[in-house]
file my_file_28.cif (mmCIF, C-alpha atoms)
data_final
#
loop_
_atom_site.label_atom_id
_atom_site.label_comp_id
_atom_site.auth_asym_id
_atom_site.auth_seq_id
_atom_site.Cartn_x
_atom_site.Cartn_y
_atom_site.Cartn_z
CA MET A 1 57.28 -58.58 10.04
CA SER A 2 56.52 -60.00 13.47
CA PRO A 3 53.27 -58.92 15.15
CA MET A 4 53.45 -56.39 17.96
CA PRO A 5 53.50 -58.26 21.28
CA GLU A 6 50.43 -57.89 23.47
CA ILE A 7 50.97 -56.03 26.75
CA ARG A 8 48.63 -57.69 29.22
CA GLY A 9 49.42 -55.42 32.18
CA TRP A 10 49.05 -58.14 34.82
CA CYS A 11 50.81 -61.20 36.18
CA PRO A 12 49.30 -64.64 36.73
CA THR A 13 47.85 -65.32 40.16
CA ALA A 14 46.09 -68.25 41.75
CA TYR A 15 42.71 -66.59 41.40
CA ARG A 16 43.46 -65.35 37.88
CA PRO A 17 45.63 -67.89 36.03
CA MET A 18 47.26 -66.87 32.77
CA GLU A 19 46.85 -68.98 29.65
CA SER A 20 50.14 -70.00 28.09
CA GLY A 21 51.31 -72.45 25.47
CA ASP A 22 51.84 -75.19 28.05
CA GLY A 23 48.67 -74.65 30.06
CA LEU A 24 47.75 -72.26 32.87
CA LEU A 25 50.28 -70.35 34.97
CA ILE A 26 49.51 -69.78 38.65
CA ARG A 27 51.63 -68.16 41.34
CA ALA A 28 52.11 -69.56 44.81
CA LYS A 29 52.33 -66.03 46.16
CA THR A 30 54.45 -65.28 49.20
CA ILE A 31 54.64 -62.06 51.23
CA GLY A 32 58.30 -61.20 51.52
CA PRO A 33 61.20 -63.48 50.55
CA ARG A 34 60.80 -66.17 53.21
CA ILE A 35 59.10 -69.51 52.66
CA ASP A 36 59.49 -72.44 55.02
CA ALA A 37 60.69 -75.82 53.80
CA ILE A 38 57.29 -77.47 54.28
CA ARG A 39 55.57 -74.97 52.00
CA LEU A 40 58.33 -75.15 49.40
CA ASN A 41 57.90 -78.90 49.33
CA ALA A 42 54.14 -78.39 48.93
CA ILE A 43 54.72 -76.17 45.89
CA ALA A 44 56.94 -78.86 44.36
CA HIS A 45 54.21 -81.45 44.98
CA ILE A 46 51.50 -79.22 43.45
CA ALA A 47 53.64 -78.58 40.37
CA LYS A 48 54.26 -82.30 39.88
CA SER A 49 50.71 -83.46 40.63
CA TYR A 50 48.61 -80.74 38.98
CA GLY A 51 51.00 -78.99 36.57
CA ASN A 52 53.76 -80.11 34.22
CA GLY A 53 56.39 -80.23 36.95
CA LEU A 54 58.04 -76.92 36.04
CA ILE A 55 58.26 -73.84 38.26
CA ASP A 56 59.61 -70.39 37.35
CA LEU A 57 61.17 -68.06 39.92
CA THR A 58 60.27 -64.57 38.72
CA GLN A 59 62.04 -61.21 38.94
CA ARG A 60 59.59 -60.33 41.69
CA ALA A 61 60.83 -63.29 43.74
CA GLN A 62 57.66 -65.33 43.27
CA LEU A 63 57.27 -68.99 42.36
CA GLN A 64 55.10 -69.61 39.31
CA ILE A 65 53.68 -73.08 38.63
CA ARG A 66 53.42 -74.01 34.96
CA GLY A 67 51.24 -76.36 32.96
CA VAL A 68 48.15 -76.46 35.17
CA GLN A 69 45.09 -77.61 33.20
CA GLN A 70 41.48 -76.56 33.65
CA SER A 71 40.79 -80.08 34.87
CA THR A 72 43.44 -79.84 37.60
CA LEU A 73 43.08 -76.16 38.54
CA LYS A 74 40.64 -76.68 41.43
CA ASP A 75 42.84 -79.39 42.96
CA ALA A 76 45.88 -77.14 42.62
CA LEU A 77 44.11 -74.26 44.37
CA ASP A 78 42.81 -76.56 47.11
CA ALA A 79 46.38 -77.76 47.69
CA LEU A 80 47.67 -74.17 47.81
CA ASP A 81 44.97 -73.36 50.35
CA ALA A 82 45.86 -76.38 52.47
CA ALA A 83 49.50 -75.24 52.48
CA GLY A 84 48.54 -71.73 53.58
CA LEU A 85 49.55 -70.25 50.23
CA LEU A 86 46.18 -69.05 48.93
CA PRO A 87 45.46 -65.37 49.72
CA ALA A 88 42.19 -64.30 51.31
CA ASN A 89 40.68 -63.15 48.02
CA ALA A 90 41.57 -62.17 44.47
CA ASP A 91 41.84 -58.44 45.23
CA VAL A 92 44.31 -58.94 48.06
CA GLU A 93 46.39 -61.32 45.95
CA ARG A 94 46.46 -58.96 42.97
CA ILE A 95 47.66 -55.83 44.80
CA THR A 96 50.02 -57.33 47.38
CA ASN A 97 53.19 -56.99 45.34
CA ILE A 98 56.10 -56.29 47.68
CA LEU A 99 59.77 -56.90 46.93
CA ALA A 100 62.20 -57.11 49.85
CA PRO A 101 65.85 -58.07 50.45
CA PRO A 102 66.23 -61.85 50.61
CA LEU A 103 67.95 -61.70 54.01
CA ALA A 104 65.32 -59.40 55.55
CA GLY A 105 64.89 -60.10 59.25
CA LEU A 106 68.19 -62.00 59.51
CA ASP A 107 70.69 -59.19 59.09
CA SER A 108 71.41 -57.37 62.36
CA THR A 109 73.38 -54.68 60.51
CA SER A 110 70.37 -53.52 58.48
CA ALA A 111 69.11 -49.99 58.99
CA PHE A 112 65.66 -51.28 60.01
CA ASP A 113 63.67 -54.52 60.09
CA ALA A 114 62.49 -54.83 56.49
CA SER A 115 60.64 -58.05 57.30
CA ALA A 116 58.43 -56.32 59.88
CA LEU A 117 57.76 -53.43 57.51
CA VAL A 118 56.70 -55.85 54.75
CA THR A 119 54.29 -57.55 57.15
CA ASP A 120 52.75 -54.22 58.19
CA LEU A 121 52.46 -53.02 54.59
CA ALA A 122 50.80 -56.26 53.43
CA ALA A 123 48.28 -56.11 56.27
CA ALA A 124 47.44 -52.47 55.53
CA LEU A 125 46.95 -53.18 51.83
CA ALA A 126 44.57 -56.05 52.61
CA GLN A 127 42.46 -53.97 55.01
CA ASP A 128 41.89 -50.90 52.82
CA VAL A 129 39.44 -51.70 50.02
CA ALA A 130 40.16 -48.36 48.32
CA LEU A 131 43.57 -49.74 47.43
CA TYR A 132 42.02 -52.66 45.55
CA ALA A 133 41.89 -50.27 42.59
CA LEU A 134 45.68 -50.44 42.23
CA PRO A 135 46.75 -52.00 38.92
CA ALA A 136 48.09 -55.53 39.08
CA LYS A 137 51.68 -54.57 38.18
CA PHE A 138 51.98 -51.85 40.85
CA LEU A 139 55.02 -52.73 42.95
CA PHE A 140 56.24 -51.74 46.40
CA ALA A 141 59.86 -52.40 47.39
CA VAL A 142 61.56 -52.28 50.77
CA THR A 143 65.33 -51.88 51.08
CA ASP A 144 67.32 -51.90 54.32
CA ASP A 145 71.01 -51.33 53.38
CA GLY A 146 71.75 -54.88 54.46
CA ALA A 147 74.15 -57.53 53.20
CA LEU A 148 72.24 -58.28 49.99
CA PRO A 149 70.39 -55.14 48.88
CA ILE A 150 67.88 -55.25 46.07
CA ASP A 151 67.46 -52.93 43.10
CA ALA A 152 64.28 -50.95 43.83
CA SER A 153 64.40 -48.89 40.65
CA GLU A 154 61.47 -50.73 39.04
CA ALA A 155 59.21 -50.25 42.08
CA ASP A 156 56.41 -47.68 41.97
CA ILE A 157 56.89 -46.78 45.64
CA SER A 158 59.98 -47.87 47.57
CA PHE A 159 61.14 -47.61 51.18
CA HIS A 160 64.78 -46.70 51.92
CA PRO A 161 66.84 -45.86 55.00
CA ALA A 162 67.26 -42.12 55.59
CA ALA A 163 69.28 -40.02 58.05
CA GLU A 164 68.36 -39.98 61.74
CA ARG A 165 66.71 -43.41 61.54
CA ARG A 166 63.96 -42.17 59.28
CA ILE A 167 62.59 -43.70 56.10
CA ALA A 168 62.64 -42.21 52.61
CA LEU A 169 59.72 -43.02 50.30
CA ARG A 170 60.79 -42.75 46.69
CA LEU A 171 58.50 -42.61 43.67
CA ALA A 172 59.40 -44.12 40.30
CA GLY A 173 60.31 -41.29 37.94
CA VAL A 174 61.67 -39.00 40.67
CA ASP A 175 65.42 -39.44 41.06
CA ASP A 176 66.41 -36.56 43.32
CA ALA A 177 63.63 -36.24 45.92
CA ALA A 178 61.74 -38.41 48.40
CA VAL A 179 59.17 -38.20 51.17
CA ILE A 180 61.04 -38.47 54.50
CA VAL A 181 59.00 -39.82 57.41
CA ALA A 182 59.39 -41.49 60.79
CA PRO A 183 59.34 -45.31 60.67
CA GLY A 184 55.92 -45.47 62.29
CA GLU A 185 54.47 -43.21 59.59
CA ALA A 186 56.02 -44.93 56.56
CA VAL A 187 53.22 -47.38 55.68
CA ALA A 188 50.45 -44.79 56.05
CA ALA A 189 52.35 -42.26 53.93
CA ALA A 190 53.03 -44.86 51.25
CA LEU A 191 49.36 -45.76 51.05
CA ARG A 192 48.37 -42.10 50.74
CA LEU A 193 50.76 -41.86 47.79
CA ALA A 194 49.20 -45.01 46.32
CA LYS A 195 45.70 -43.55 46.67
CA ALA A 196 46.85 -40.33 45.02
CA PHE A 197 48.12 -42.43 42.14
CA ILE A 198 44.76 -44.20 41.84
CA GLU A 199 42.86 -40.92 41.71
CA LEU A 200 45.17 -39.20 39.23
CA ARG A 201 45.24 -42.10 36.74
CA ALA A 202 41.45 -42.50 36.63
CA ALA A 203 41.04 -40.77 33.26
CA SER A 204 43.55 -43.07 31.52
CA PRO A 205 43.94 -46.25 33.60
CA PHE A 206 45.72 -48.44 31.06
CA ASP A 207 48.24 -45.89 29.79
CA LEU A 208 48.99 -44.70 33.35
CA ARG A 209 49.25 -48.10 35.00
CA ARG A 210 52.63 -47.38 36.64
CA MET A 211 53.82 -44.47 38.78
CA ARG A 212 56.64 -43.61 36.38
CA LYS A 213 54.19 -43.12 33.53
CA LEU A 214 51.88 -41.00 35.67
CA ILE A 215 54.68 -38.71 36.81
CA ALA A 216 55.96 -38.40 33.25
CA ALA A 217 52.47 -37.26 32.25
CA THR A 218 51.55 -34.99 35.18
CA GLY A 219 54.74 -34.26 37.07
CA VAL A 220 55.23 -35.22 40.71
CA ALA A 221 53.54 -32.14 42.24
CA PRO A 222 49.93 -33.40 41.86
CA VAL A 223 50.81 -36.72 43.50
CA ILE A 224 52.51 -35.04 46.44
CA ALA A 225 49.76 -32.48 46.91
CA ARG A 226 46.97 -35.04 46.81
CA ALA A 227 48.80 -37.31 49.26
CA GLY A 228 49.42 -34.42 51.66
CA VAL A 229 53.14 -35.07 52.02
CA THR A 230 56.34 -33.13 51.41
CA LEU A 231 59.32 -33.84 49.17
CA SER A 232 62.91 -33.46 50.32
CA ALA A 233 66.08 -33.58 48.24
CA VAL A 234 67.94 -36.93 48.25
CA PRO A 235 70.86 -38.29 46.22
CA PRO A 236 70.08 -40.54 43.24
CA LEU A 237 69.83 -44.27 43.87
CA MET A 238 72.69 -46.53 42.91
CA ALA A 239 71.82 -49.81 41.21
CA ASN A 240 72.22 -52.82 43.50
CA ARG A 241 72.69 -56.13 41.70
CA PRO A 242 74.83 -58.44 43.83
CA SER A 243 76.75 -60.86 41.64
CA ASN A 244 78.23 -63.15 44.30
CA HIS A 245 75.45 -64.87 46.23
CA LEU A 246 75.85 -68.47 45.07
CA GLY A 247 77.67 -71.30 46.79
CA VAL A 248 78.57 -71.20 50.48
CA GLN A 249 78.29 -67.62 51.71
CA ASP A 250 78.93 -65.81 54.99
CA LEU A 251 77.68 -62.21 54.87
CA ASN A 252 77.35 -60.11 58.02
CA GLU A 253 77.58 -63.37 59.99
CA ILE A 254 74.65 -64.84 58.04
CA ILE A 255 75.63 -68.20 56.59
CA PHE A 256 73.65 -69.52 53.65
CA ALA A 257 73.84 -71.70 50.56
CA GLY A 258 73.01 -69.92 47.30
CA VAL A 259 71.56 -72.02 44.47
CA SER A 260 70.21 -71.07 41.05
CA ALA A 261 68.72 -72.73 37.98
CA PRO A 262 69.17 -71.73 34.33
CA SER A 263 66.95 -68.69 33.68
CA GLY A 264 65.10 -69.36 36.92
CA ARG A 265 63.42 -72.54 35.61
CA TRP A 266 63.15 -75.21 38.31
CA ARG A 267 61.88 -78.77 38.14
CA ALA A 268 59.60 -79.94 40.93
CA GLN A 269 62.14 -82.54 42.03
CA GLU A 270 64.84 -79.85 42.34
CA LEU A 271 62.68 -77.72 44.63
CA ALA A 272 61.80 -80.80 46.67
CA ILE A 273 65.51 -81.57 47.11
CA LEU A 274 66.18 -78.00 48.28
CA ALA A 275 63.25 -78.17 50.69
CA GLU A 276 64.56 -81.40 52.15
CA ALA A 277 68.08 -79.97 52.39
CA ALA A 278 66.77 -76.84 54.13
CA ALA A 279 65.00 -79.02 56.68
CA ALA A 280 67.93 -81.41 57.19
CA HIS A 281 70.89 -79.05 57.12
CA GLY A 282 69.51 -75.51 57.17
CA LEU A 283 67.21 -73.50 59.37
CA GLY A 284 64.04 -74.97 57.89
CA GLU A 285 63.40 -72.17 55.42
CA VAL A 286 64.54 -70.71 52.11
CA ARG A 287 64.74 -67.16 50.80
CA LEU A 288 63.54 -66.25 47.30
CA THR A 289 65.44 -63.57 45.38
CA PRO A 290 64.71 -61.29 42.39
CA TRP A 291 67.89 -62.70 40.82
CA ARG A 292 66.12 -66.03 40.32
CA ALA A 293 68.28 -67.69 42.97
CA ILE A 294 67.24 -69.42 46.17
CA LEU A 295 69.17 -68.84 49.40
CA ILE A 296 69.07 -71.41 52.18
CA PRO A 297 70.15 -70.08 55.61
CA ALA A 298 72.27 -72.55 57.54
CA PRO A 299 73.66 -72.79 61.09
CA HIS A 300 77.29 -73.13 59.95
CA ARG A 301 79.46 -73.42 56.85
CA ASP A 302 79.66 -77.22 56.93
CA ALA A 303 75.87 -77.42 56.79
CA ALA A 304 75.76 -74.95 53.90
CA ALA A 305 78.41 -77.00 52.10
CA LYS A 306 76.25 -80.14 52.40
CA ILE A 307 73.35 -78.27 50.80
CA ILE A 308 75.58 -77.10 47.95
CA THR A 309 76.85 -80.64 47.38
CA GLN A 310 73.27 -81.91 47.05
CA ALA A 311 72.30 -79.06 44.74
CA ALA A 312 75.34 -79.58 42.51
CA ALA A 313 74.57 -83.29 42.22
CA SER A 314 71.14 -82.30 40.86
CA GLY A 315 72.73 -80.19 38.12
CA LEU A 316 71.81 -76.83 39.66
CA ILE A 317 73.99 -73.72 39.49
CA VAL A 318 76.06 -73.28 42.66
CA ALA A 319 78.85 -70.92 41.52
CA SER A 320 78.73 -67.35 40.27
CA ASP A 321 81.12 -68.14 37.41
CA ASP A 322 78.95 -70.94 35.99
CA PRO A 323 78.44 -69.90 32.33
CA ARG A 324 74.75 -70.87 32.49
CA ARG A 325 74.21 -68.09 34.98
CA SER A 326 75.30 -65.50 32.41
CA ILE A 327 72.15 -65.99 30.29
CA VAL A 328 68.65 -64.75 30.99
CA ALA A 329 65.94 -66.12 28.70
CA CYS A 330 62.16 -65.97 28.73
CA PRO A 331 60.23 -69.25 28.25
CA GLY A 332 59.91 -68.69 24.50
CA ALA A 333 57.84 -70.84 22.15
CA PRO A 334 55.83 -72.96 22.50
CA GLU A 335 55.26 -72.08 26.16
CA CYS A 336 54.66 -68.37 25.52
CA LEU A 337 51.94 -67.69 22.99
CA GLN A 338 53.59 -64.44 21.90
CA ALA A 339 57.11 -65.77 21.41
CA GLN A 340 58.50 -65.80 17.88
CA GLY A 341 60.66 -68.86 18.42
CA GLU A 342 62.36 -71.12 20.96
CA THR A 343 64.74 -69.49 23.43
CA ARG A 344 65.99 -71.95 26.02
CA ILE A 345 67.12 -74.71 23.68
CA HIS A 346 70.13 -72.52 22.89
CA LEU A 347 71.33 -71.94 26.46
CA GLU A 348 74.15 -74.49 26.57
CA ARG A 349 75.55 -73.42 23.20
CA LEU A 350 75.44 -69.69 23.95
CA ALA A 351 76.64 -69.90 27.55
CA PRO A 352 80.36 -69.36 26.72
CA LEU A 353 79.51 -66.26 24.68
CA ALA A 354 77.34 -64.95 27.50
CA ARG A 355 80.11 -65.51 30.02
CA GLN A 356 82.60 -63.64 27.81
CA TYR A 357 80.49 -60.48 27.90
CA ALA A 358 79.08 -60.79 31.42
CA GLY A 359 78.58 -57.51 33.24
CA LYS A 360 78.94 -56.62 36.90
CA ASP A 361 75.78 -58.53 37.73
CA GLY A 362 77.07 -61.64 35.96
CA ILE A 363 74.66 -61.39 33.01
CA GLY A 364 76.05 -61.13 29.49
CA LEU A 365 73.21 -62.30 27.26
CA HIS A 366 69.44 -61.82 27.23
CA ILE A 367 67.33 -63.93 24.86
CA SER A 368 63.83 -62.56 24.37
CA GLY A 369 61.10 -64.39 22.50
CA CYS A 370 59.51 -61.10 21.41
CA GLY A 371 59.98 -57.34 21.69
CA LYS A 372 58.59 -57.06 25.23
CA GLY A 373 61.72 -58.31 26.95
CA CYS A 374 59.83 -59.79 29.91
CA ALA A 375 62.84 -61.67 31.30
CA ARG A 376 65.00 -58.55 31.70
CA GLN A 377 63.92 -54.93 31.42
CA GLY A 378 67.26 -53.11 31.49
CA ALA A 379 70.21 -53.03 29.14
CA THR A 380 72.37 -56.12 28.64
CA PRO A 381 75.73 -56.36 26.85
CA ILE A 382 74.09 -58.64 24.26
CA THR A 383 70.35 -59.01 23.66
CA LEU A 384 68.89 -61.42 21.12
CA VAL A 385 65.28 -60.79 20.13
CA LEU A 386 63.45 -63.46 18.17
CA ALA A 387 61.44 -62.37 15.14
CA ASP A 388 59.83 -64.97 12.90
CA GLY A 389 62.24 -67.63 14.14
CA HIS A 390 65.40 -65.57 13.57
CA PHE A 391 67.44 -63.35 15.89
CA ASN A 392 67.82 -59.58 16.00
CA LEU A 393 71.07 -58.56 17.72
CA VAL A 394 71.12 -55.61 20.15
CA VAL A 395 74.35 -54.48 21.81
CA ASN A 396 74.30 -52.71 25.18
CA GLY A 397 70.54 -52.37 25.09
CA GLY A 398 67.22 -54.07 25.68
CA ALA A 399 64.67 -55.98 23.64
CA GLN A 400 62.92 -52.81 22.50
CA ASP A 401 66.08 -51.09 21.28
CA THR A 402 67.32 -50.87 17.67
CA PRO A 403 69.32 -53.95 16.62
CA ILE A 404 72.69 -53.71 14.88
CA SER A 405 71.83 -56.85 12.87
CA ALA A 406 68.50 -58.50 12.06
CA GLY A 407 67.25 -61.84 10.78
CA LEU A 408 70.24 -63.85 12.00
CA ALA A 409 70.43 -67.62 12.21
CA LEU A 410 72.02 -69.09 15.33
CA ASP A 411 75.32 -69.71 13.50
CA GLU A 412 75.46 -66.06 12.40
CA ILE A 413 75.27 -64.48 15.86
CA GLU A 414 78.95 -64.65 16.84
CA PRO A 415 80.27 -63.61 13.39
CA SER A 416 77.86 -60.66 13.33
CA LEU A 417 78.88 -59.63 16.82
CA THR A 418 82.57 -59.87 15.92
CA HIS A 419 82.10 -57.92 12.70
CA ASN A 420 79.96 -55.13 14.15
CA VAL A 421 81.57 -54.59 17.55
CA ARG A 422 85.22 -55.57 17.19
CA ASN A 423 86.22 -53.12 19.90
CA MET A 424 83.26 -53.67 22.17
CA ALA A 425 84.36 -53.65 25.79
CA PRO A 426 82.88 -56.51 27.79
CA CYS A 427 80.37 -55.40 30.42
CA ALA A 428 79.92 -52.00 28.79
CA ALA A 429 76.24 -51.96 29.67
CA ASN A 430 76.89 -52.57 33.32
#
call {"tool": "encode", "arguments": {"input": "my_file_28.cif", "output": "C-alpha cells"}}
result
Amino acid sequence: MSPMPEIRGWCPTAYRPMESGDGLLIRAKTIGPRIDAIRLNAIAHIAKSYGNGLIDLTQRAQLQIRGVQQSTLKDALDALDAAGLLPANADVERITNILAPPLAGLDSTSAFDASALVTDLAAALAQDVALYALPAKFLFAVTDDGALPIDASEADISFHPAAERRIALRLAGVDDAAVIVAPGEAVAAALRLAKAFIELRAASPFDLRRMRKLIAATGVAPVIARAGVTLSAVPPLMANRPSNHLGVQDLNEIIFAGVSAPSGRWRAQELAILAEAAAAHGLGEVRLTPWRAILIPAPHRDAAAKIITQAAASGLIVASDDPRRSIVACPGAPECLQAQGETRIHLERLAPLARQYAGKDGIGLHISGCGKGCARQGATPITLVLADGHFNLVVNGGAQDTPISAGLALDEIEPSLTHNVRNMAPCAAN
C-alpha cells in the first residue's frame, strides 16, 4: 500500500523555498496576471543560471523556478530582487495570493477594473500586520465578467460584479449568499472577513486552514457577525473555464496570442523566446493564466500571428485542439518526493486518449503522482493515480475518489477503460 501523501499546507516562495526531488522550488511572485517582457526574460535567465532551466506555471498563475540549489539560492534571490520580483518581506509574499482574469485592465467591457482592485487589495494586505496570520494557501480572487473570466470557486474570498455597479464578496462554502458592498468598500470588507476567519480558526489552525473548512465547521453566521457585514441572497456561481484561448485571438477587441506548454512546464529558452516576441511584436508584456497558458497582447492580428509562428517553431502548444493540451499531470517522480512514479514521460502516448475524452475545458486526462491531486482538484473524465509505480483508474472523478480499477500497467489502461465504461459519454464530468 502506498503511504499517505503529506499535506504541507503551503506553496513555495522566494523566502521559503520548497525542497523537491530536483532541488529547491521558488516562485517569482507577481501581483495580478501581468508581467512585462523584461521581467519574464529575467525569470528565464534566473531559471537557466541558478536552477535547472525548468519553470512551472501554476494553477494560481504564478511562475515557479525549479532546481535551485542551496549554493545558488542567494544568487537567484539577488537576481529576483534586481528584477523587481522579490516582495518586501516573507510575510507579505506568503499572504498576497490574488487570482485575477488574465485580461484585467485591458477589457473595456468588464464590469469594473479588476486590475486596480487587485493593486488596492495587495497594498492593503501588505500594510495590515494582523493579516500576516493568514495561512499560506488562503486565496483571494477577483472576477470582472470580462472576455476571459476565471473560475473563482477555489478562492476563500472572491470579488464579483453585482447589480447597480456594486461588488459581491463571496465566501468559499456559501453558494447562495454574498456580502454586497459599494466598490470603494470592497477591499475593507474583504479584509474584515479575512480577520474574522483568522480569529475563528485560532483553536484549530491546521484543520481550518481554508474558509470552506471553517464554514463547514462553524457555519457562516459567526464569520459574518465577527466581520460586521450582512449577507444577501445571490444566485450560485457558474464554473468559468474558457477552452478557446490559444492561437491568434480577438476578444472584445483585445488581440492576443495564446500559447501553452504541456502541463504548464516551460523551458527557460521557451520563456525567453516569448519575452522577445512580446517585445518585438506585442505590447511589451504577457499575461499569466490559471489554465497554465500565457497570453501575449498584440497591436493587431498580423503581430499576434508572428508570435504564434515563433511559438509553434519552438514546439509549444498554440491550438486548443492540440492533444497535448488535453492532459494535466503533476511533476511526478523523481521531481516530487511524494510521487509514486513518473507521470510526464507518458504524455505523448496518452495524448490521443485524453483528447478523445476531453471535456468542455479541453481536459480529458489527469495524471497524479499520488492521492493529493495537486495538478487538478476537480473531477476529470479520466484520472490516473500512481500507487507503487502502477496506475489506479478513476472515471469522472478526482485523485482522491474510488478507482474502478487498480494496479494497472500502462498497457492495461485503455483495455480497462473500455471494459469498465463501454457506454461512458465523453466529457461526462464537465
call {"tool": "resolve_selection", "arguments": {"input": "my_file_28.cif", "expression": "the PyMOL selection byres ((chain A and resi 315) around 10)", "output": "ChimeraX atom specification"}}
result
/A:260-262,270,310-314,316-318
call {"tool": "resolve_selection", "arguments": {"input": "my_file_28.cif", "expression": "the PyMOL selection byres ((chain A and resi 277) around 10)", "output": "number ranges by chain"}}
result
A: 37, 271-276, 278-286, 296, 298, 303-304, 306-308, 310-311
call {"tool": "atom_distance", "arguments": {"input": "my_file_28.cif", "atom1": "CA of Ala225 in chain A", "atom2": "CA of Lys195 in chain A"}}
result
11.8 Å
call {"tool": "resolve_selection", "arguments": {"input": "my_file_28.cif", "expression": "the PyMOL selection byres ((chain A and resi 86) around 10)", "output": "PyMOL selection string"}}
result
chain A and resi 13-15+27-30+77-85+87-90+93
call {"tool": "atom_distance", "arguments": {"input": "my_file_28.cif", "atom1": "CA of Ala114 in chain A", "atom2": "CA of Arg39 in chain A"}}
result
21.8 Å
call {"tool": "residues_around", "arguments": {"input": "my_file_28.cif", "residues": "Val142 in chain A", "least_positions_apart": "2", "cutoff": "10 Å", "atoms": "all atoms listed in the file", "output": "PDB file with C-alpha atoms, in the coordinates of the input"}}
result
ATOM      1  CA  GLY A  32      58.300 -61.200  51.520  1.00  0.00           C
ATOM      2  CA  ILE A  98      56.100 -56.290  47.680  1.00  0.00           C
ATOM      3  CA  LEU A  99      59.770 -56.900  46.930  1.00  0.00           C
ATOM      4  CA  ALA A 100      62.200 -57.110  49.850  1.00  0.00           C
ATOM      5  CA  PRO A 101      65.850 -58.070  50.450  1.00  0.00           C
ATOM      6  CA  ALA A 104      65.320 -59.400  55.550  1.00  0.00           C
ATOM      7  CA  ASP A 113      63.670 -54.520  60.090  1.00  0.00           C
ATOM      8  CA  ALA A 114      62.490 -54.830  56.490  1.00  0.00           C
ATOM      9  CA  SER A 115      60.640 -58.050  57.300  1.00  0.00           C
ATOM     10  CA  LEU A 117      57.760 -53.430  57.510  1.00  0.00           C
ATOM     11  CA  VAL A 118      56.700 -55.850  54.750  1.00  0.00           C
ATOM     12  CA  LEU A 121      52.460 -53.020  54.590  1.00  0.00           C
ATOM     13  CA  PHE A 140      56.240 -51.740  46.400  1.00  0.00           C
ATOM     14  CA  ASP A 144      67.320 -51.900  54.320  1.00  0.00           C
ATOM     15  CA  ASP A 145      71.010 -51.330  53.380  1.00  0.00           C
ATOM     16  CA  PRO A 149      70.390 -55.140  48.880  1.00  0.00           C
ATOM     17  CA  ILE A 150      67.880 -55.250  46.070  1.00  0.00           C
ATOM     18  CA  ASP A 151      67.460 -52.930  43.100  1.00  0.00           C
ATOM     19  CA  ALA A 152      64.280 -50.950  43.830  1.00  0.00           C
ATOM     20  CA  ALA A 155      59.210 -50.250  42.080  1.00  0.00           C
ATOM     21  CA  ILE A 157      56.890 -46.780  45.640  1.00  0.00           C
ATOM     22  CA  SER A 158      59.980 -47.870  47.570  1.00  0.00           C
ATOM     23  CA  PHE A 159      61.140 -47.610  51.180  1.00  0.00           C
ATOM     24  CA  HIS A 160      64.780 -46.700  51.920  1.00  0.00           C
ATOM     25  CA  PRO A 161      66.840 -45.860  55.000  1.00  0.00           C
ATOM     26  CA  LEU A 169      59.720 -43.020  50.300  1.00  0.00           C
TER      27      LEU A 169
END
call {"tool": "residues_around", "arguments": {"input": "my_file_28.cif", "residues": "Gln59 in chain A", "least_positions_apart": "2", "cutoff": "8 Å", "atoms": "all atoms listed in the file", "output": "list of chain:residue names"}}
result
A:Leu57, A:Ala61, A:Gln62, A:Thr289, A:Pro290, A:Trp291, A:Arg292, A:Ala375
call {"tool": "atom_distance", "arguments": {"input": "my_file_28.cif", "atom1": "CA of Thr109 in chain A", "atom2": "CA of Val181 in chain A"}}
result
20.9 Å
call {"tool": "closest_residue", "arguments": {"input": "my_file_28.cif", "among": "A:Gly332, A:Pro381, A:Gly184, A:Gly247", "to": "Ile294 in chain A", "atoms": "all atoms listed in the file"}}
result
A:Gly247
call {"tool": "closest_residue", "arguments": {"input": "my_file_28.cif", "among": "A:Val68, A:Val187, A:Pro102, A:Arg209", "to": "Phe256 in chain A", "atoms": "all atoms listed in the file"}}
result
A:Pro102
call {"tool": "residues_near_point", "arguments": {"input": "my_file_28.cif", "point": "(75.1, -60.9, 58.1)", "cutoff": "8 Å", "atoms": "all atoms listed in the file", "output": "compact mmCIF listing (two decimals) with C-alpha atoms, keeping the file's coordinate frame"}}
result
# COMPACT_ATOMS: atom_id res chain seq x y z
CA LEU A 106 68.19 -62.00 59.51
CA ASP A 107 70.69 -59.19 59.09
CA SER A 108 71.41 -57.37 62.36
CA THR A 109 73.38 -54.68 60.51
CA GLY A 146 71.75 -54.88 54.46
CA ALA A 147 74.15 -57.53 53.20
CA ASP A 250 78.93 -65.81 54.99
CA LEU A 251 77.68 -62.21 54.87
CA ASN A 252 77.35 -60.11 58.02
CA GLU A 253 77.58 -63.37 59.99
CA ILE A 254 74.65 -64.84 58.04
CA ILE A 255 75.63 -68.20 56.59
call {"tool": "closest_residue", "arguments": {"input": "my_file_28.cif", "among": "A:Asn396, A:Asn52, A:Thr309, A:Ser204", "to": "Ala268 in chain A", "atoms": "only C-alpha atoms"}}
result
A:Asn52
call {"tool": "closest_residue", "arguments": {"input": "my_file_28.cif", "among": "A:Gln127, A:Ala177, A:Ile382, A:Val259", "to": "Glu414 in chain A", "atoms": "all atoms listed in the file"}}
result
A:Ile382
call {"tool": "closest_residue", "arguments": {"input": "my_file_28.cif", "among": "A:Leu73, A:Ala333, A:Ala141, A:Ala379", "to": "Pro33 in chain A", "atoms": "all atoms listed in the file"}}
result
A:Ala141
call {"tool": "closest_residue", "arguments": {"input": "my_file_28.cif", "among": "A:Ala189, A:Ile198, A:Arg265, A:Ala172", "to": "Pro236 in chain A", "atoms": "all atoms listed in the file"}}
result
A:Ala172
call {"tool": "residues_near_point", "arguments": {"input": "my_file_28.cif", "point": "(81.2, -69.9, 37.3)", "cutoff": "12 Å", "atoms": "only C-alpha atoms", "output": "VMD selection string"}}
result
chain A and resid 243 to 247 260 316 to 326 351 to 352 354 to 356 358 362 to 363
call {"tool": "decode", "arguments": {"input": "my_file_28.cif", "residues": "range 388-398 of chain A", "atoms": "C-alpha atoms", "output": "short mmCIF file (atom, residue, chain, number, x, y, z; two decimals), in the first residue's frame"}}
result
data_model
loop_
_atom_site.label_atom_id
_atom_site.label_comp_id
_atom_site.auth_asym_id
_atom_site.auth_seq_id
_atom_site.Cartn_x
_atom_site.Cartn_y
_atom_site.Cartn_z
CA ASP A 388 3.73 1.98 -6.14
CA GLY A 389 4.56 2.56 -9.80
CA HIS A 390 1.18 1.38 -11.14
CA PHE A 391 -1.99 3.27 -12.07
CA ASN A 392 -5.36 3.43 -10.35
CA LEU A 393 -8.12 4.42 -12.79
CA VAL A 394 -10.83 6.89 -11.72
CA VAL A 395 -13.67 7.83 -14.08
CA ASN A 396 -15.43 11.20 -13.78
CA GLY A 397 -13.69 11.96 -10.51
CA GLY A 398 -10.53 13.20 -8.85
#
